[in-house]
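Structure file model_21.csv (CSV, C-alpha atoms) is printed below.
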chain,number,residue,atom,x,y,z
M,166,GLY,CA,19.0,6.9,5.1
M,167,MET,CA,16.7,6.1,8.0
M,168,ALA,CA,16.3,8.9,10.5
M,169,GLU,CA,14.9,8.2,13.9
M,170,ALA,CA,11.1,8.6,14.4
M,171,ARG,CA,10.4,11.6,16.6
M,172,LEU,CA,7.6,10.9,19.1
M,173,GLY,CA,5.0,13.6,19.1
M,174,ASP,CA,5.6,14.5,15.5
M,175,ASP,CA,1.9,14.4,14.5
M,176,ALA,CA,2.6,15.4,10.9
M,177,TRP,CA,5.0,12.5,10.3
M,178,TRP,CA,2.5,10.0,11.7
M,179,ALA,CA,-0.3,11.5,9.7
M,180,ALA,CA,1.9,11.2,6.6
M,181,GLN,CA,2.0,7.4,7.0
M,182,THR,CA,-1.6,7.0,5.8
M,183,THR,CA,-4.5,8.4,3.8
M,184,ASN,CA,-7.7,10.1,4.8
M,185,GLU,CA,-9.6,8.6,1.8
M,186,GLY,CA,-10.8,5.2,0.7
M,187,PRO,CA,-11.4,1.9,2.5
M,188,HIS,CA,-7.9,1.9,4.1
M,189,ARG,CA,-7.9,5.4,5.6
M,190,GLY,CA,-6.0,5.5,8.8
M,191,LYS,CA,-4.0,2.4,8.1
M,192,ALA,CA,-0.2,2.4,7.8
M,193,TRP,CA,0.9,1.9,4.2
M,194,TRP,CA,4.0,-0.1,5.3
M,195,GLY,CA,2.7,-2.4,8.2
M,196,TRP,CA,-0.1,-4.0,9.9
M,197,GLY,CA,-2.8,-1.9,11.6
M,198,SER,CA,-3.8,1.7,12.0
M,199,VAL,CA,-1.3,4.5,12.4
M,200,SER,CA,-2.8,5.4,15.7
M,201,GLU,CA,-2.3,1.8,17.0
M,202,LEU,CA,1.2,1.6,15.7
M,203,ARG,CA,2.0,5.0,17.2
M,204,LYS,CA,0.8,3.9,20.7
M,205,GLU,CA,2.9,0.7,20.4
M,206,VAL,CA,6.0,2.6,19.5
M,207,GLU,CA,5.4,5.1,22.3
M,208,ARG,CA,4.9,2.2,24.8
M,209,ARG,CA,8.0,0.5,23.6
M,210,LEU,CA,10.2,3.6,23.9
M,211,GLU,CA,8.8,4.3,27.4
M,212,ALA,CA,9.7,0.8,28.5
M,213,HIS,CA,13.1,0.9,26.8
M,214,PRO,CA,14.4,4.5,27.0
M,215,GLY,CA,17.1,5.3,24.4
M,216,GLU,CA,16.1,2.5,22.1
M,217,SER,CA,16.3,3.6,18.5
M,218,VAL,CA,13.3,3.2,16.2
M,219,LEU,CA,13.5,2.8,12.4
M,220,ARG,CA,11.6,5.6,10.6
M,221,PRO,CA,9.6,4.2,7.6
M,222,PRO,CA,9.2,6.6,4.7
M,223,THR,CA,6.1,8.7,4.6
M,224,VAL,CA,3.6,8.0,1.8
M,225,ASP,CA,5.1,11.0,-0.2
M,226,GLU,CA,8.7,9.8,0.4
M,227,ALA,CA,7.8,6.3,-0.7
M,228,ALA,CA,5.8,7.6,-3.7
M,229,ARG,CA,9.0,9.3,-5.1
M,230,LEU,CA,10.5,5.8,-5.2
M,231,LEU,CA,7.5,4.2,-7.0
M,232,PRO,CA,7.8,3.5,-10.7
M,233,PRO,CA,5.1,5.3,-12.7
M,234,PRO,CA,2.1,3.1,-13.5
M,235,ARG,CA,2.5,1.3,-16.8
M,236,VAL,CA,-1.3,1.4,-17.3
M,237,ASN,CA,-2.9,4.7,-18.2
M,238,LEU,CA,-6.0,4.9,-16.0
M,239,ASP,CA,-7.5,7.6,-18.3
M,240,ALA,CA,-7.2,5.2,-21.3
M,241,LEU,CA,-9.4,2.5,-19.7
M,242,PRO,CA,-13.2,2.2,-20.2
M,243,ALA,CA,-15.3,4.3,-17.9
M,244,ALA,CA,-16.6,1.1,-16.2
M,245,VAL,CA,-13.1,0.2,-15.2
M,246,ARG,CA,-11.9,3.7,-14.4
M,247,ARG,CA,-14.8,4.1,-11.9
M,248,CYS,CA,-13.4,1.4,-9.6
M,249,CYS,CA,-9.7,1.8,-10.2
M,250,THR,CA,-7.1,4.1,-8.7
M,251,ALA,CA,-3.4,4.8,-9.1
M,252,THR,CA,-2.9,6.8,-5.9
M,253,PRO,CA,0.5,6.3,-4.3
M,254,PHE,CA,-1.0,5.2,-1.0
M,255,ASP,CA,-3.2,2.5,-2.7
M,256,ARG,CA,-0.3,1.3,-4.9
M,257,LEU,CA,2.0,1.1,-1.9
M,258,PHE,CA,-0.5,-0.5,0.5
M,259,HIS,CA,-1.5,-3.2,-2.0
M,260,SER,CA,2.0,-4.1,-3.4
M,261,ARG,CA,3.2,-5.8,-0.3
M,262,GLY,CA,1.7,-8.0,2.3
M,263,ARG,CA,1.9,-7.6,6.1
M,264,ASP,CA,4.3,-10.4,6.8
M,265,MET,CA,7.7,-9.6,8.4
M,266,ILE,CA,9.8,-9.6,5.3
M,267,ASP,CA,7.4,-7.3,3.4
M,268,VAL,CA,7.2,-4.9,6.4
M,269,ILE,CA,11.0,-4.8,6.6
M,270,ARG,CA,11.2,-4.0,2.8
M,271,ASN,CA,8.6,-1.3,3.3
M,272,VAL,CA,10.4,0.3,6.3
M,273,ARG,CA,13.6,0.3,4.2
M,274,GLY,CA,11.8,2.0,1.3
M,275,ALA,CA,12.2,-0.9,-1.1
M,276,VAL,CA,9.1,-0.2,-3.2
M,277,ALA,CA,10.5,-0.3,-6.7
M,278,GLU,CA,8.1,-3.1,-7.7
M,279,ALA,CA,4.5,-2.1,-7.3
M,280,HIS,CA,1.1,-2.7,-8.8
M,281,ASP,CA,0.2,-0.2,-11.5
M,282,LEU,CA,-3.5,0.2,-10.4
M,283,VAL,CA,-5.7,-0.9,-7.6
M,284,ALA,CA,-9.3,-1.9,-8.3
M,285,TYR,CA,-12.0,-1.6,-5.7
M,286,PRO,CA,-14.9,-3.4,-7.4
M,287,ALA,CA,-18.3,-2.7,-5.7
M,288,SER,CA,-20.3,-5.3,-7.7
M,289,GLU,CA,-20.0,-8.4,-9.8
M,290,GLU,CA,-20.4,-6.2,-12.8
M,291,ASP,CA,-17.3,-4.2,-11.8
M,292,VAL,CA,-15.3,-7.4,-11.3
M,293,VAL,CA,-16.3,-8.6,-14.8
M,294,SER,CA,-15.4,-5.2,-16.3
M,295,VAL,CA,-11.9,-5.2,-14.7
M,296,LEU,CA,-11.2,-8.8,-15.6
M,297,ARG,CA,-12.4,-8.5,-19.2
M,298,GLU,CA,-10.3,-5.3,-19.8
M,299,CYS,CA,-7.2,-6.8,-18.1
M,300,ALA,CA,-7.6,-10.0,-20.2
M,301,ARG,CA,-7.9,-7.9,-23.4
M,302,ARG,CA,-4.8,-5.9,-22.5
M,303,ARG,CA,-2.9,-8.9,-21.1
M,304,ILE,CA,-2.6,-7.3,-17.7
M,305,ALA,CA,-2.0,-9.5,-14.6
M,306,VAL,CA,-4.7,-9.3,-11.9
M,307,VAL,CA,-3.6,-10.0,-8.3
M,308,PRO,CA,-6.3,-10.6,-5.7
M,309,PHE,CA,-5.5,-8.9,-2.3
M,310,GLY,CA,-7.9,-10.5,0.2
M,311,GLY,CA,-6.9,-9.7,3.8
M,312,GLY,CA,-3.3,-8.8,2.8
M,313,SER,CA,-1.3,-11.1,5.1
M,314,SER,CA,0.6,-12.5,2.0
M,315,VAL,CA,2.3,-15.2,4.1
M,316,VAL,CA,3.2,-16.9,0.9
M,317,GLY,CA,3.8,-13.8,-1.2
M,318,GLY,CA,0.4,-13.9,-2.9
M,319,VAL,CA,-0.1,-10.1,-3.1
M,320,LEU,CA,3.3,-9.3,-4.6
M,321,PRO,CA,3.4,-7.7,-8.1
M,322,PRO,CA,4.3,-10.0,-10.9
M,323,PRO,CA,8.0,-9.9,-12.2
M,324,ALA,CA,9.3,-6.6,-13.6
M,325,GLY,CA,7.9,-5.8,-17.0
M,326,ASP,CA,4.4,-7.2,-16.4
M,327,ALA,CA,1.7,-4.6,-15.7
M,328,SER,CA,-0.7,-5.5,-12.9
M,329,VAL,CA,-4.0,-4.5,-11.3
M,330,ASP,CA,-4.6,-5.5,-7.7
M,331,GLU,CA,-8.2,-6.2,-6.8
M,332,GLY,CA,-8.3,-4.6,-3.3
M,333,TYR,CA,-10.3,-5.9,-0.4
M,334,THR,CA,-12.6,-3.3,1.1
M,335,GLY,CA,-14.0,-5.1,4.1

Translate the structure of the given file into structure tokens.
Amino acid sequence: GMAEARLGDDAWWAAQTTNEGPHRGKAWWGWGSVSELRKEVERRLEAHPGESVLRPPTVDEAARLLPPPRVNLDALPAAVRRCCTATPFDRLFHSRGRDMIDVIRNVRGAVAEAHDLVAYPASEEDVVSVLRECARRRIAVVPFGGGSSVVGGVLPPPAGDASVDEGYTG
């Protein structure tokens, strides 16, 4: 179930993000950085004492709910492995958008559908390598862009289809 977030619990807030990669410091489940979200929650609770706050799962808690990747990263060519990751944070962050429905799903821990890998191509050559290998293996590729997903564009394909999300790093 959802326990109430405890203000001042630095470890819990730190467990909402990662310290690595292009999205370090961002919350896996919502829009913005963990530090910004924490300040907003604290302001809200100061203005409305006694108001309850939903407690989203930490990255580790949500990772236990993720299905294992259906694509073995180690079996991919080196040019693809170099720019891909299967870390729980990246898979969680890229498998939902930042619209209200996706945020609510994340806060509730509804993460059973997720991308198998996330690619961070650094060059046109990386993009070509990822797309070529995914086409060869018939793996869906889902562009991430800014991640708002107001029309569900970042969601994984239907269950049963493997997917690689091409993560935005800007």

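Distance annotation: of M:Val199, M:Asp267, M:Arg301, M:Val276, the residue with the minimal separation from Glu226 of chain M is M:Val276; atom set is all atoms listed in the file.
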
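The space separating atom CA of Thr182 of chain M from atom CA of Phe254 of chain M comes to 7.1 Å.
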
**Prompt:** Which one of M:Tyr285, M:Phe309, M:Phe258, M:Trp177 sits closest to Arg203 of chain M if you count only C-alpha atoms?
**Reply:** M:Trp177

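Distances here use all atoms listed in the file; by that measure, the residue among M:Ile266, M:Pro234, M:Val283, M:Asn271 closest to Pro308 of chain M is M:Val283.
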
Can you find the residues with an atom no farther than 10 Å from (-3.2, 1.6, -2.8), counting all atoms listed in the file, and report them as a short mmCIF file (atom, residue, chain, number, x, y, z; two decimals) with C-alpha atoms, in the coordinates of the input?
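Full text of result28.cif as output:
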data_model
loop_
_atom_site.label_atom_id
_atom_site.label_comp_id
_atom_site.auth_asym_id
_atom_site.auth_seq_id
_atom_site.Cartn_x
_atom_site.Cartn_y
_atom_site.Cartn_z
CA THR M 183 -4.50 8.40 3.80
CA GLY M 186 -10.80 5.20 0.70
CA PRO M 187 -11.40 1.90 2.50
CA HIS M 188 -7.90 1.90 4.10
CA TRP M 193 0.90 1.90 4.20
CA CYS M 249 -9.70 1.80 -10.20
CA THR M 250 -7.10 4.10 -8.70
CA ALA M 251 -3.40 4.80 -9.10
CA THR M 252 -2.90 6.80 -5.90
CA PRO M 253 0.50 6.30 -4.30
CA PHE M 254 -1.00 5.20 -1.00
CA ASP M 255 -3.20 2.50 -2.70
CA ARG M 256 -0.30 1.30 -4.90
CA LEU M 257 2.00 1.10 -1.90
CA PHE M 258 -0.50 -0.50 0.50
CA HIS M 259 -1.50 -3.20 -2.00
CA SER M 260 2.00 -4.10 -3.40
CA ALA M 279 4.50 -2.10 -7.30
CA HIS M 280 1.10 -2.70 -8.80
CA ASP M 281 0.20 -0.20 -11.50
CA LEU M 282 -3.50 0.20 -10.40
CA VAL M 283 -5.70 -0.90 -7.60
CA ALA M 284 -9.30 -1.90 -8.30
CA TYR M 285 -12.00 -1.60 -5.70
CA ASP M 330 -4.60 -5.50 -7.70
CA GLY M 332 -8.30 -4.60 -3.30
#

**Request:** Go ahead and compute the interatomic distance for atom CA of Val295 of chain M and atom CA of Cys248 of chain M, in Å to one decimal.
**Result:** 8.5 Å

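Among the candidates M:Ala227, M:Val206, M:Ala212, M:Ala180, the residue lying nearest to Arg273 of chain M is M:Ala227 (atoms considered: all atoms listed in the file).
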
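If you measure from each of M:Pro242, M:Pro322, M:Gly310, M:Gly215 to Arg263 of chain M using all atoms listed in the file, the closest one turns out to be M:Gly310.
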
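If you measure from each of M:Val224, M:Ala176, M:Leu210, M:Val236 to Ile304 of chain M using all atoms listed in the file, the closest one turns out to be M:Val236.
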
**Request:** Take atom CA of Arg246 of chain M and atom CA of Ala305 of chain M and report the distance between them in Å, one decimal.
**Result:** 16.5 Å

Compile the contact shell of Glu201 of chain M as a compact mmCIF listing (two decimals) with C-alpha atoms, keeping the file's coordinate frame: residues with an atom at most 10 Å away, counting all atoms listed in the file, same-chain residues fewer than 6 positions apart removed.
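The result, written out as around.txt:
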# COMPACT_ATOMS: atom_id res chain seq x y z
CA GLY M 190 -6.00 5.50 8.80
CA LYS M 191 -4.00 2.40 8.10
CA ALA M 192 -0.20 2.40 7.80
CA GLU M 207 5.40 5.10 22.30
